[in-house]
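Here's input.csv, which has CSV, C-alpha atoms:
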chain,number,residue,atom,x,y,z
A,850,MET,CA,-114.0,-138.6,78.1
A,851,PRO,CA,-114.7,-137.3,81.5
A,852,LEU,CA,-117.5,-138.6,83.7
A,853,LEU,CA,-120.4,-136.4,84.7
A,854,LEU,CA,-122.4,-136.5,87.9
A,855,ARG,CA,-126.0,-135.6,88.6
A,856,THR,CA,-127.6,-135.9,92.1
A,857,VAL,CA,-130.8,-137.9,91.9
A,858,LYS,CA,-132.9,-140.2,94.0
A,859,GLN,CA,-131.1,-143.4,93.4
A,860,HIS,CA,-134.0,-145.9,93.6
A,861,ARG,CA,-135.5,-144.2,90.5
A,862,TRP,CA,-132.5,-145.4,88.5
A,863,HIS,CA,-132.5,-149.1,89.2
A,864,LYS,CA,-131.7,-150.8,85.9
A,865,GLU,CA,-133.9,-153.7,86.5
A,866,ALA,CA,-137.0,-151.5,86.8
A,867,ALA,CA,-136.0,-149.7,83.7
A,868,ALA,CA,-135.2,-152.8,81.6
A,869,PRO,CA,-138.8,-153.3,80.3
A,870,PHE,CA,-139.0,-149.7,79.1
A,871,LEU,CA,-135.5,-149.8,77.5
A,872,ALA,CA,-136.4,-153.0,75.7
A,873,ASN,CA,-139.2,-151.0,74.0
A,874,ASP,CA,-136.8,-148.1,73.3
A,875,ASP,CA,-138.6,-146.1,75.9
A,876,VAL,CA,-137.7,-144.8,79.4
A,877,PRO,CA,-139.6,-144.8,82.7
A,878,ALA,CA,-141.0,-141.3,83.5
A,879,ASP,CA,-139.8,-141.1,87.1
A,880,PRO,CA,-136.0,-140.7,86.5
A,881,VAL,CA,-136.7,-138.1,83.9
A,882,GLN,CA,-138.2,-136.0,86.7
A,883,ASP,CA,-134.9,-136.2,88.5
A,884,LEU,CA,-133.3,-134.2,85.7
A,885,ARG,CA,-134.9,-130.9,86.4
A,886,THR,CA,-133.8,-128.1,84.1
A,887,THR,CA,-133.7,-124.4,84.2
A,888,LYS,CA,-134.0,-122.5,80.9
A,889,ASN,CA,-133.3,-125.8,79.1
A,890,LEU,CA,-130.0,-126.3,81.0
A,891,LEU,CA,-129.3,-129.4,83.1
A,892,SER,CA,-126.9,-128.9,85.9
A,893,VAL,CA,-124.1,-131.6,86.2
A,894,TYR,CA,-120.6,-131.8,87.6
A,895,GLU,CA,-117.5,-133.1,86.1
A,896,VAL,CA,-115.9,-136.0,87.9
A,897,ALA,CA,-112.1,-136.2,88.1
A,898,PRO,CA,-110.4,-139.4,86.9
A,899,ASP,CA,-111.1,-142.2,89.3
A,900,GLY,CA,-113.7,-140.1,91.1
A,901,PRO,CA,-111.9,-138.5,94.0
A,902,ASN,CA,-114.2,-135.5,94.0
A,903,ILE,CA,-117.5,-137.3,93.9
A,904,GLU,CA,-118.1,-137.0,97.7
A,905,ARG,CA,-117.2,-133.3,97.6
A,906,ILE,CA,-119.6,-132.7,94.7
A,907,VAL,CA,-122.4,-134.5,96.5
A,908,ARG,CA,-121.6,-132.6,99.7
A,909,ALA,CA,-121.7,-129.3,97.9
A,910,VAL,CA,-125.1,-130.0,96.5
A,911,ALA,CA,-126.3,-131.3,99.9
A,912,ILE,CA,-125.3,-128.2,101.9
A,913,GLY,CA,-127.5,-126.1,99.6
A,914,GLY,CA,-130.5,-128.2,100.6
A,915,ASP,CA,-132.8,-128.5,103.6
A,916,ASN,CA,-131.1,-131.3,105.5
A,917,ILE,CA,-128.0,-133.4,105.4
A,918,ALA,CA,-129.1,-136.9,104.7
A,919,ASN,CA,-128.5,-139.7,102.2
A,920,MET,CA,-128.0,-138.4,98.7
A,921,GLY,CA,-128.1,-140.4,95.5
A,922,TYR,CA,-126.4,-139.7,92.3
A,923,VAL,CA,-125.8,-141.1,88.8
A,924,VAL,CA,-122.5,-141.0,87.0
A,925,PHE,CA,-122.2,-141.2,83.2
A,926,ASP,CA,-119.6,-140.7,80.5
A,927,SER,CA,-119.7,-137.4,78.7
A,928,GLY,CA,-119.0,-139.4,75.6
A,929,LEU,CA,-122.7,-140.3,75.6
A,930,LEU,CA,-123.6,-136.7,74.9
A,931,PRO,CA,-122.8,-136.3,71.2
A,932,ALA,CA,-125.1,-139.2,70.2
A,933,ALA,CA,-128.0,-137.3,71.9
A,934,SER,CA,-126.8,-134.0,70.3
A,935,ILE,CA,-126.4,-132.5,73.8
A,936,GLU,CA,-124.0,-129.6,74.1
A,937,ILE,CA,-121.9,-129.3,77.2
A,938,ARG,CA,-120.9,-125.8,78.5
A,939,GLU,CA,-118.5,-124.8,81.2
A,940,SER,CA,-120.5,-122.9,83.8
A,941,LYS,CA,-119.5,-122.0,87.3
A,942,GLY,CA,-121.7,-123.7,89.9
A,943,THR,CA,-123.6,-121.8,92.6
A,944,THR,CA,-123.2,-124.2,95.6
A,945,PRO,CA,-121.8,-122.8,98.9
A,946,ASP,CA,-118.6,-124.8,98.2
A,947,GLU,CA,-116.5,-122.6,95.8
A,948,GLY,CA,-114.0,-125.4,95.2
A,949,ALA,CA,-116.8,-127.7,93.9
A,950,ASN,CA,-118.3,-124.9,91.7
A,951,ALA,CA,-115.4,-125.2,89.3
A,952,TRP,CA,-116.5,-128.7,88.3
A,953,HIS,CA,-120.0,-127.5,87.4
A,954,ARG,CA,-121.2,-127.9,83.8
A,955,ASP,CA,-124.5,-127.1,82.0
A,956,LEU,CA,-125.9,-129.5,79.5
A,957,VAL,CA,-128.1,-127.8,76.8
A,958,VAL,CA,-131.1,-130.0,76.4
A,959,SER,CA,-134.6,-130.2,75.0
A,960,GLY,CA,-137.4,-132.5,75.9
A,961,ASN,CA,-136.3,-135.2,73.5
A,962,LYS,CA,-132.7,-134.8,74.4
A,963,LEU,CA,-133.6,-135.2,78.1
A,964,VAL,CA,-135.3,-138.4,77.3
A,965,ALA,CA,-132.4,-139.6,75.2
A,966,LEU,CA,-130.0,-138.7,78.0
A,967,THR,CA,-132.1,-140.6,80.6
A,968,LYS,CA,-132.0,-143.6,78.3
A,969,ALA,CA,-128.3,-143.3,77.9
A,970,ILE,CA,-127.7,-143.0,81.6
A,971,LEU,CA,-130.0,-146.0,82.4
A,972,ARG,CA,-128.2,-148.1,79.8
A,973,HIS,CA,-124.6,-147.1,80.4
A,974,GLY,CA,-124.4,-145.0,83.6
A,975,GLU,CA,-124.0,-146.1,87.2
A,976,SER,CA,-125.9,-144.9,90.3
A,977,GLY,CA,-124.6,-144.6,93.8
A,978,ALA,CA,-125.2,-142.8,97.1
A,979,VAL,CA,-123.4,-141.0,99.9
A,980,LEU,CA,-125.0,-142.3,103.1
A,981,THR,CA,-126.2,-140.0,105.8
A,982,VAL,CA,-123.5,-140.7,108.3
A,983,ARG,CA,-120.7,-140.2,105.7
A,984,LEU,CA,-122.3,-137.1,104.4
A,985,ARG,CA,-122.6,-135.5,107.9
A,986,GLN,CA,-118.9,-136.4,108.5
A,987,LEU,CA,-118.0,-134.7,105.2
A,988,VAL,CA,-119.9,-131.6,106.2
A,989,ALA,CA,-118.2,-131.6,109.6
A,990,ASP,CA,-114.8,-132.0,107.9
A,991,GLY,CA,-115.7,-129.2,105.5
A,992,ILE,CA,-116.5,-126.9,108.3
A,993,ARG,CA,-113.3,-127.8,110.1
A,994,ASP,CA,-111.0,-127.3,107.1
A,995,GLY,CA,-112.7,-124.2,105.7
A,996,GLN,CA,-114.1,-125.7,102.5
A,997,ILE,CA,-117.6,-124.8,103.7
A,998,PRO,CA,-118.0,-121.1,104.1
A,999,GLU,CA,-118.2,-119.3,107.4
A,1000,LYS,CA,-121.8,-118.3,106.9
A,1001,LEU,CA,-122.9,-121.9,106.9
A,1002,ARG,CA,-121.0,-122.9,110.0
A,1003,LYS,CA,-123.9,-122.0,112.3
A,1004,LYS,CA,-126.4,-123.9,110.2
A,1005,PHE,CA,-124.3,-127.1,110.5
A,1006,ARG,CA,-122.7,-126.5,113.8
A,1007,PHE,CA,-124.4,-129.4,115.5
A,1008,LEU,CA,-122.6,-131.8,113.1
A,1009,THR,CA,-119.3,-131.0,114.5
A,1010,SER,CA,-120.1,-132.4,117.8
A,1011,GLU,CA,-122.5,-135.2,116.8
A,1012,THR,CA,-122.1,-136.7,113.4
A,1013,SER,CA,-124.1,-139.9,113.7
A,1014,GLY,CA,-127.7,-140.3,112.7
A,1015,GLY,CA,-130.6,-138.8,114.6
A,1016,ASN,CA,-130.3,-135.1,113.9
A,1017,LEU,CA,-132.9,-134.6,111.2
A,1018,GLU,CA,-135.5,-132.9,113.3
A,1019,LYS,CA,-132.9,-130.3,114.4
A,1020,GLN,CA,-132.7,-129.2,110.8
A,1021,MET,CA,-136.4,-128.5,110.4
B,655,MET,CA,-164.4,-149.5,116.2
B,656,THR,CA,-164.0,-152.3,118.7
B,657,VAL,CA,-160.7,-153.0,120.5
B,658,GLU,CA,-159.9,-156.4,121.8
B,659,ARG,CA,-156.8,-156.9,123.8
B,660,PHE,CA,-154.8,-160.0,123.6
B,661,ALA,CA,-151.4,-161.4,124.7
B,662,VAL,CA,-149.0,-163.3,122.6
B,663,THR,CA,-145.9,-165.1,123.7
B,664,THR,CA,-143.1,-165.3,121.1
B,665,SER,CA,-139.9,-167.2,121.0
B,666,THR,CA,-136.6,-166.4,119.4
B,667,SER,CA,-135.7,-168.5,116.5
B,668,PRO,CA,-132.3,-170.1,116.3
B,669,GLU,CA,-131.3,-167.8,113.5
B,670,GLU,CA,-132.2,-164.8,115.6
B,671,ALA,CA,-130.5,-166.0,118.7
B,672,PRO,CA,-128.5,-163.2,120.4
B,673,PRO,CA,-124.8,-163.3,119.4
B,674,GLN,CA,-122.2,-164.2,122.0
B,675,THR,CA,-120.9,-160.8,122.8
B,676,ASP,CA,-119.4,-159.1,125.8
B,677,GLN,CA,-122.3,-156.7,125.8
B,678,GLY,CA,-124.6,-158.9,127.8
B,679,VAL,CA,-128.3,-159.5,127.3
B,680,GLY,CA,-130.7,-156.8,128.3
B,681,THR,CA,-134.2,-157.3,129.6
B,682,GLY,CA,-135.7,-154.0,128.6
B,683,LEU,CA,-138.7,-155.4,126.7
B,684,PRO,CA,-141.6,-157.5,127.9
B,685,THR,CA,-141.4,-161.3,128.0
B,686,ASP,CA,-145.1,-161.4,127.1
B,687,VAL,CA,-145.6,-159.5,123.9
B,688,VAL,CA,-149.0,-158.0,123.7
B,689,GLY,CA,-150.9,-156.9,120.7
B,690,VAL,CA,-154.1,-155.3,119.9
B,691,ARG,CA,-156.9,-156.7,117.8
B,692,LEU,CA,-159.1,-154.1,116.1
B,693,ALA,CA,-162.2,-154.4,114.1
B,694,ARG,CA,-160.3,-153.7,110.9
B,695,PRO,CA,-158.0,-156.5,109.7
B,696,GLY,CA,-155.2,-154.2,108.8
B,697,LEU,CA,-155.1,-152.8,112.3
B,698,PHE,CA,-155.1,-156.3,113.7
B,699,MET,CA,-152.2,-157.3,111.4
B,700,ALA,CA,-150.2,-154.2,112.3
B,701,GLY,CA,-150.6,-154.9,116.0
B,702,LEU,CA,-149.8,-158.5,115.6
B,703,VAL,CA,-146.8,-157.8,113.4
B,704,LEU,CA,-145.3,-155.3,115.7
B,705,SER,CA,-145.8,-157.7,118.6
B,706,ALA,CA,-144.4,-160.7,116.8
B,707,LEU,CA,-141.3,-158.8,115.8
B,708,LEU,CA,-140.5,-158.2,119.4
B,709,PRO,CA,-139.1,-161.5,120.5
B,710,ALA,CA,-139.2,-162.9,124.0
B,711,GLY,CA,-136.5,-162.3,126.6
B,712,GLY,CA,-136.2,-158.6,125.9
B,713,THR,CA,-134.4,-159.1,122.6
B,714,LEU,CA,-134.8,-157.5,119.3
B,715,GLY,CA,-133.8,-160.2,116.9
B,716,ALA,CA,-130.1,-160.8,117.3
B,717,PHE,CA,-129.5,-158.4,120.2
B,718,SER,CA,-131.2,-156.9,123.1
B,719,VAL,CA,-132.7,-153.5,123.3
B,720,ALA,CA,-130.5,-152.8,126.2
B,721,ASP,CA,-127.5,-153.5,123.9
B,722,LEU,CA,-128.9,-150.8,121.6
B,723,SER,CA,-129.3,-148.4,124.4
B,724,ARG,CA,-125.8,-149.0,125.8
B,725,ARG,CA,-124.0,-148.2,122.6
B,726,ARG,CA,-126.0,-145.2,121.7
B,727,ARG,CA,-126.6,-144.0,125.3
B,728,ASP,CA,-130.2,-144.2,124.4
B,729,ASP,CA,-132.7,-144.6,127.2
B,730,VAL,CA,-134.9,-147.2,125.4
B,731,THR,CA,-138.0,-147.7,127.4
B,732,ALA,CA,-140.6,-150.4,127.0
B,733,GLU,CA,-144.0,-149.1,127.7
B,734,SER,CA,-144.4,-151.7,130.5
B,735,SER,CA,-143.7,-155.3,131.1
B,736,THR,CA,-147.3,-156.2,130.1
B,737,ALA,CA,-148.2,-153.2,128.1
B,738,VAL,CA,-151.2,-153.2,125.7
B,739,VAL,CA,-150.2,-151.9,122.4
B,740,GLU,CA,-153.1,-149.8,121.4
B,741,VAL,CA,-153.4,-147.7,118.2
B,742,ASP,CA,-155.2,-144.4,118.6
B,743,PRO,CA,-157.9,-144.5,115.8
B,744,LEU,CA,-157.8,-140.7,115.4
B,745,LEU,CA,-154.1,-140.7,115.1
B,746,LEU,CA,-154.2,-143.6,112.7
B,747,GLU,CA,-156.6,-141.6,110.5
B,748,GLU,CA,-154.3,-138.6,110.7
B,749,ILE,CA,-151.4,-140.8,109.6
B,750,ARG,CA,-153.4,-142.4,106.8
B,751,GLU,CA,-154.3,-138.9,105.4
B,752,LEU,CA,-150.7,-137.8,105.7
B,753,PHE,CA,-149.4,-140.8,103.7
B,754,GLU,CA,-152.2,-140.5,101.1
B,755,GLN,CA,-151.4,-136.8,100.6
B,756,GLY,CA,-147.7,-137.6,100.5
B,757,ALA,CA,-148.3,-140.0,97.7
B,758,SER,CA,-148.9,-137.1,95.4
B,759,GLU,CA,-145.5,-135.5,96.1
B,760,PHE,CA,-142.3,-136.1,94.2
B,761,PHE,CA,-139.5,-136.5,96.7
B,762,HIS,CA,-135.9,-135.3,96.3
B,763,ASP,CA,-132.9,-136.2,98.4
B,764,GLY,CA,-131.8,-133.5,100.7
B,765,VAL,CA,-135.0,-131.5,100.3
B,766,HIS,CA,-137.8,-131.5,102.8
B,767,SER,CA,-141.3,-132.1,101.4
B,768,ASN,CA,-144.7,-131.2,102.9
B,769,PHE,CA,-144.9,-134.9,103.8
B,770,SER,CA,-141.6,-135.0,105.6
B,771,ARG,CA,-142.2,-131.8,107.6
B,772,THR,CA,-145.6,-132.9,108.7
B,773,LEU,CA,-144.4,-136.4,109.5
B,774,LEU,CA,-141.6,-135.1,111.7
B,775,LYS,CA,-143.9,-132.8,113.5
B,776,THR,CA,-146.4,-135.6,114.1
B,777,LEU,CA,-143.6,-137.8,115.4
B,778,ALA,CA,-142.4,-135.1,117.7
B,779,GLN,CA,-145.9,-134.4,118.9
B,780,HIS,CA,-147.1,-138.0,119.5
B,781,GLY,CA,-143.9,-140.0,120.0
B,782,GLN,CA,-144.5,-143.7,120.5
B,783,ALA,CA,-148.2,-143.4,119.7
B,784,ALA,CA,-147.3,-142.0,116.3
B,785,PHE,CA,-144.9,-144.8,115.5
B,786,ARG,CA,-147.6,-147.4,116.5
B,787,ALA,CA,-150.0,-145.7,114.1
B,788,ILE,CA,-147.4,-145.5,111.3
B,789,ALA,CA,-146.6,-149.2,111.8
B,790,ASP,CA,-150.2,-150.0,111.6
B,791,TYR,CA,-150.7,-148.1,108.4
B,792,LEU,CA,-147.5,-149.3,106.8
B,793,PHE,CA,-148.3,-152.9,107.4
B,794,SER,CA,-151.9,-152.6,106.2
B,795,GLY,CA,-150.6,-152.9,102.7
B,796,ASN,CA,-152.4,-149.7,101.6
B,797,ALA,CA,-149.3,-147.4,101.5
B,798,LYS,CA,-147.7,-146.3,98.3
B,799,PRO,CA,-144.0,-147.4,98.0
B,800,ASP,CA,-142.5,-144.0,97.3
B,801,VAL,CA,-144.1,-142.4,100.3
B,802,VAL,CA,-143.2,-145.4,102.5
B,803,SER,CA,-139.6,-145.2,101.4
B,804,GLU,CA,-139.5,-141.5,102.2
B,805,ALA,CA,-141.1,-142.1,105.6
B,806,LEU,CA,-138.6,-144.9,106.5
B,807,ARG,CA,-135.6,-142.7,105.8
B,808,ARG,CA,-137.1,-139.9,107.9
B,809,LEU,CA,-138.4,-141.9,110.8
B,810,ALA,CA,-135.1,-143.8,111.1
B,811,ASP,CA,-133.3,-140.5,111.5
B,812,PHE,CA,-135.7,-139.2,114.2
B,813,ASN,CA,-133.8,-138.4,117.3
B,814,ASP,CA,-136.0,-139.8,120.0
B,815,THR,CA,-134.5,-142.5,122.1
B,816,SER,CA,-137.8,-143.8,123.4
B,817,THR,CA,-138.9,-144.9,120.0
B,818,LEU,CA,-135.7,-146.6,118.9
B,819,SER,CA,-137.1,-150.1,119.2
B,820,GLN,CA,-140.3,-149.1,117.3
B,821,ARG,CA,-138.2,-147.7,114.5
B,822,TRP,CA,-136.0,-150.8,114.4
B,823,VAL,CA,-139.0,-153.1,114.1
B,824,ILE,CA,-140.5,-151.1,111.3
B,825,LEU,CA,-137.2,-151.1,109.4
B,826,GLN,CA,-136.6,-154.7,109.9
B,827,ARG,CA,-140.0,-155.6,108.6
B,828,THR,CA,-139.9,-153.3,105.6
B,829,LEU,CA,-136.4,-154.7,104.7
B,830,LYS,CA,-138.3,-157.6,103.2
B,831,ASP,CA,-141.0,-155.6,101.5
B,832,ARG,CA,-142.0,-156.6,97.9
B,833,SER,CA,-141.3,-153.1,96.6
B,834,PRO,CA,-137.6,-152.3,95.9
B,835,ARG,CA,-138.3,-148.7,96.7
B,836,VAL,CA,-139.5,-149.6,100.2
B,837,ARG,CA,-136.5,-151.9,100.7
B,838,ASP,CA,-134.3,-149.0,99.6
B,839,GLY,CA,-135.9,-146.8,102.3
B,840,ALA,CA,-135.4,-149.5,104.9
B,841,ILE,CA,-131.7,-150.0,104.0
B,842,LEU,CA,-131.1,-146.3,104.1
B,843,GLY,CA,-133.0,-146.2,107.4
B,844,PHE,CA,-130.6,-148.8,108.9
B,845,ALA,CA,-127.7,-146.8,107.5
B,846,ALA,CA,-129.0,-143.7,109.3
B,847,LEU,CA,-129.4,-145.6,112.6
B,848,ASP,CA,-125.7,-146.6,112.2
B,849,ASP,CA,-125.9,-149.5,114.6
B,850,PRO,CA,-123.6,-152.5,113.9
B,851,ARG,CA,-126.3,-154.9,115.2
B,852,ALA,CA,-128.2,-154.4,112.0
B,853,ARG,CA,-125.5,-156.2,110.2
B,854,PRO,CA,-127.0,-159.7,110.3
B,855,PHE,CA,-130.4,-158.5,109.1
B,856,LEU,CA,-128.8,-156.6,106.2
B,857,LEU,CA,-126.8,-159.6,105.2
B,858,GLU,CA,-129.8,-161.8,105.3
B,859,ALA,CA,-131.7,-159.2,103.1
B,860,ARG,CA,-128.7,-159.1,100.8
B,861,ASN,CA,-128.9,-162.8,100.2
B,862,LEU,CA,-132.5,-162.5,99.1
B,863,GLU,CA,-132.1,-159.2,97.2
B,864,GLN,CA,-132.7,-159.4,93.4
B,865,ILE,CA,-131.8,-155.7,92.6
B,866,ALA,CA,-128.1,-155.2,92.0
B,867,GLU,CA,-128.2,-151.6,93.1
B,868,LEU,CA,-129.8,-152.6,96.4
B,869,ARG,CA,-127.2,-155.3,97.0
B,870,ALA,CA,-124.5,-152.7,96.4
B,871,LEU,CA,-126.2,-150.4,98.8
B,872,ILE,CA,-126.4,-153.0,101.5
B,873,ASP,CA,-122.7,-153.7,101.0
B,874,GLN,CA,-122.0,-150.0,101.4
B,875,VAL,CA,-124.1,-149.9,104.7
B,876,VAL,CA,-122.4,-153.0,106.0
B,877,VAL,CA,-119.0,-151.4,105.4
B,878,GLN,CA,-120.2,-148.4,107.3
B,879,LEU,CA,-121.4,-150.5,110.2
B,880,ASP,CA,-118.2,-152.4,110.3
B,881,ARG,CA,-116.4,-149.1,110.7
B,882,ALA,CA,-118.7,-148.2,113.6
B,883,ARG,CA,-117.8,-151.3,115.6

Output the structure of this file as structure tokens.
Amino acid sequence: MPLLLRTVKQHRWHKEAAAPFLANDDVPADPVQDLRTTKNLLSVYEVAPDGPNIERIVRAVAIGGDNIANMGYVVFDSGLLPAASIEIRESKGTTPDEGANAWHRDLVVSGNKLVALTKAILRHGESGAVLTVRLRQLVADGIRDGQIPEKLRKKFRFLTSETSGGNLEKQM
Amino acid sequence: MTVERFAVTTSTSPEEAPPQTDQGVGTGLPTDVVGVRLARPGLFMAGLVLSALLPAGGTLGAFSVADLSRRRRDDVTAESSTAVVEVDPLLLEEIRELFEQGASEFFHDGVHSNFSRTLLKTLAQHGQAAFRAIADYLFSGNAKPDVVSEALRRLADFNDTSTLSQRWVILQRTLKDRSPRVRDGAILGFAALDDPRARPFLLEARNLEQIAELRALIDQVVVQLDRAR
């Protein structure tokens, strides 16, 4: 079964912090808040086998935000969804990266299903992060190779000449 | 509030001795590290901690501030060779309020918050004085982990060369914080600084780290720093 990715704040998904909750068949509340829904749909992205598109997915989400800085994510097996009675729908994404939008999926959830999914991710999923320097390099690469649309080039222009840290306040 | 100035001379421990590199040893920081003693214990501790973390001989742990500045073309400036580190009480109060208000926010990666916007504006407006006040507040033990973690990531990324040594000291200290969320912010802060001389501090932190995800994160940052060499 394909893997699914959701961008989150990684430190809310530390397994050790969640262990006491899971031991009581419960979940910590903070990670649930990372799974914001719209009209009972949770936005996720399908990861290609061995994860070659993970960085592009994270970049696509990041360039839609306020600033290009470290971004965390969780990855979990879509095989976990049936046990939580969660339906998965193909749905084109809305990020500025058209190529990444094809990997977008919607999960149809309710409150209980969201908690069940959180529990499943904490038990069986993995978290990770794309660091600031790498993410800025990816954005610079995207601008150069045309994966990031022309209209965003001005927004991220400074990254093409300086991709190391220390640019945050320029993005305010 | 009373302010009592004092001077402390520190020494570099063998573990933190500067590595034998071809980058030389700078003397950008004072040999006499000076702190400030305020009426409130937290303020005293912050001044003392900031002072003690600036070792003698112009070095910042395993390297010199001049080394930092050479690589990044940063013009790191010590305030003076015998500067008194003084925390502005009004600014400290402003920082305290900022962090307390920020504690009610829920932070998301890649998205500015009211806290982050105000923090960056305060840093831009007050520079080194703001970092002194932030250090004072952070080390008072009253700050909430989530907002500290967010602050560490933001302040590390602040593009002001004159505050590099202050940011470094704050990150180095919080790398050993009791809260995993604070340590996460410190690790990501060092990742944003992207300076290979953070490597020994990160490896030391990794040896002590109990959280698997944070050990993996440190490994990821170390790989990044090794590429930057």

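Checking A:Lys968, A:Arg855, A:Arg993, A:Lys864 one by one against chain B, counting only C-alpha atoms, you find the shortest gap at A:Lys864.
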
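Between CA of Asn919 in chain A and CA of Gln782 in chain B the interatomic distance comes to 24.6 Å.
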
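Across the structure, CA of Gln755 in chain B and CA of Ser833 in chain B are spaced 19.6 Å apart.
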
Q: Return the neighbours of chain B among the residues of chain A, cut-off 9 Å, counting only C-alpha atoms, as a ChimeraX atom specification.
A: /A:856-866,882-883,910-921,976-978,980-983,1013-1019,1021

Q. At most 12 Å from (-116.5, -122.2, 94.0), file frame, only C-alpha atoms: which residues, as JSON, numbers by chain?
A. {"A": [905, 906, 909, 910, 940, 941, 942, 943, 944, 945, 946, 947, 948, 949, 950, 951, 952, 953, 996, 997, 998]}

**Q.** Nearest-residue call for Ala867 in chain A, choices A:Leu984, A:Ala969, A:Glu999, A:Leu930, using all atoms listed in the file
**A.** A:Ala969

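Atom to atom, CA of Ile970 in chain A and CA of Glu759 in chain B stand 24.2 Å apart.
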
Q. Can you list, as a ChimeraX atom specification, every protein, DNA or RNA residue that comes within 12 Å of Glu751 in chain B when you count only C-alpha atoms, leaving out same-chain residues fewer than 6 positions away?
A. /B:744-745,757-758,769,772-773,787-788,791,796-797,801
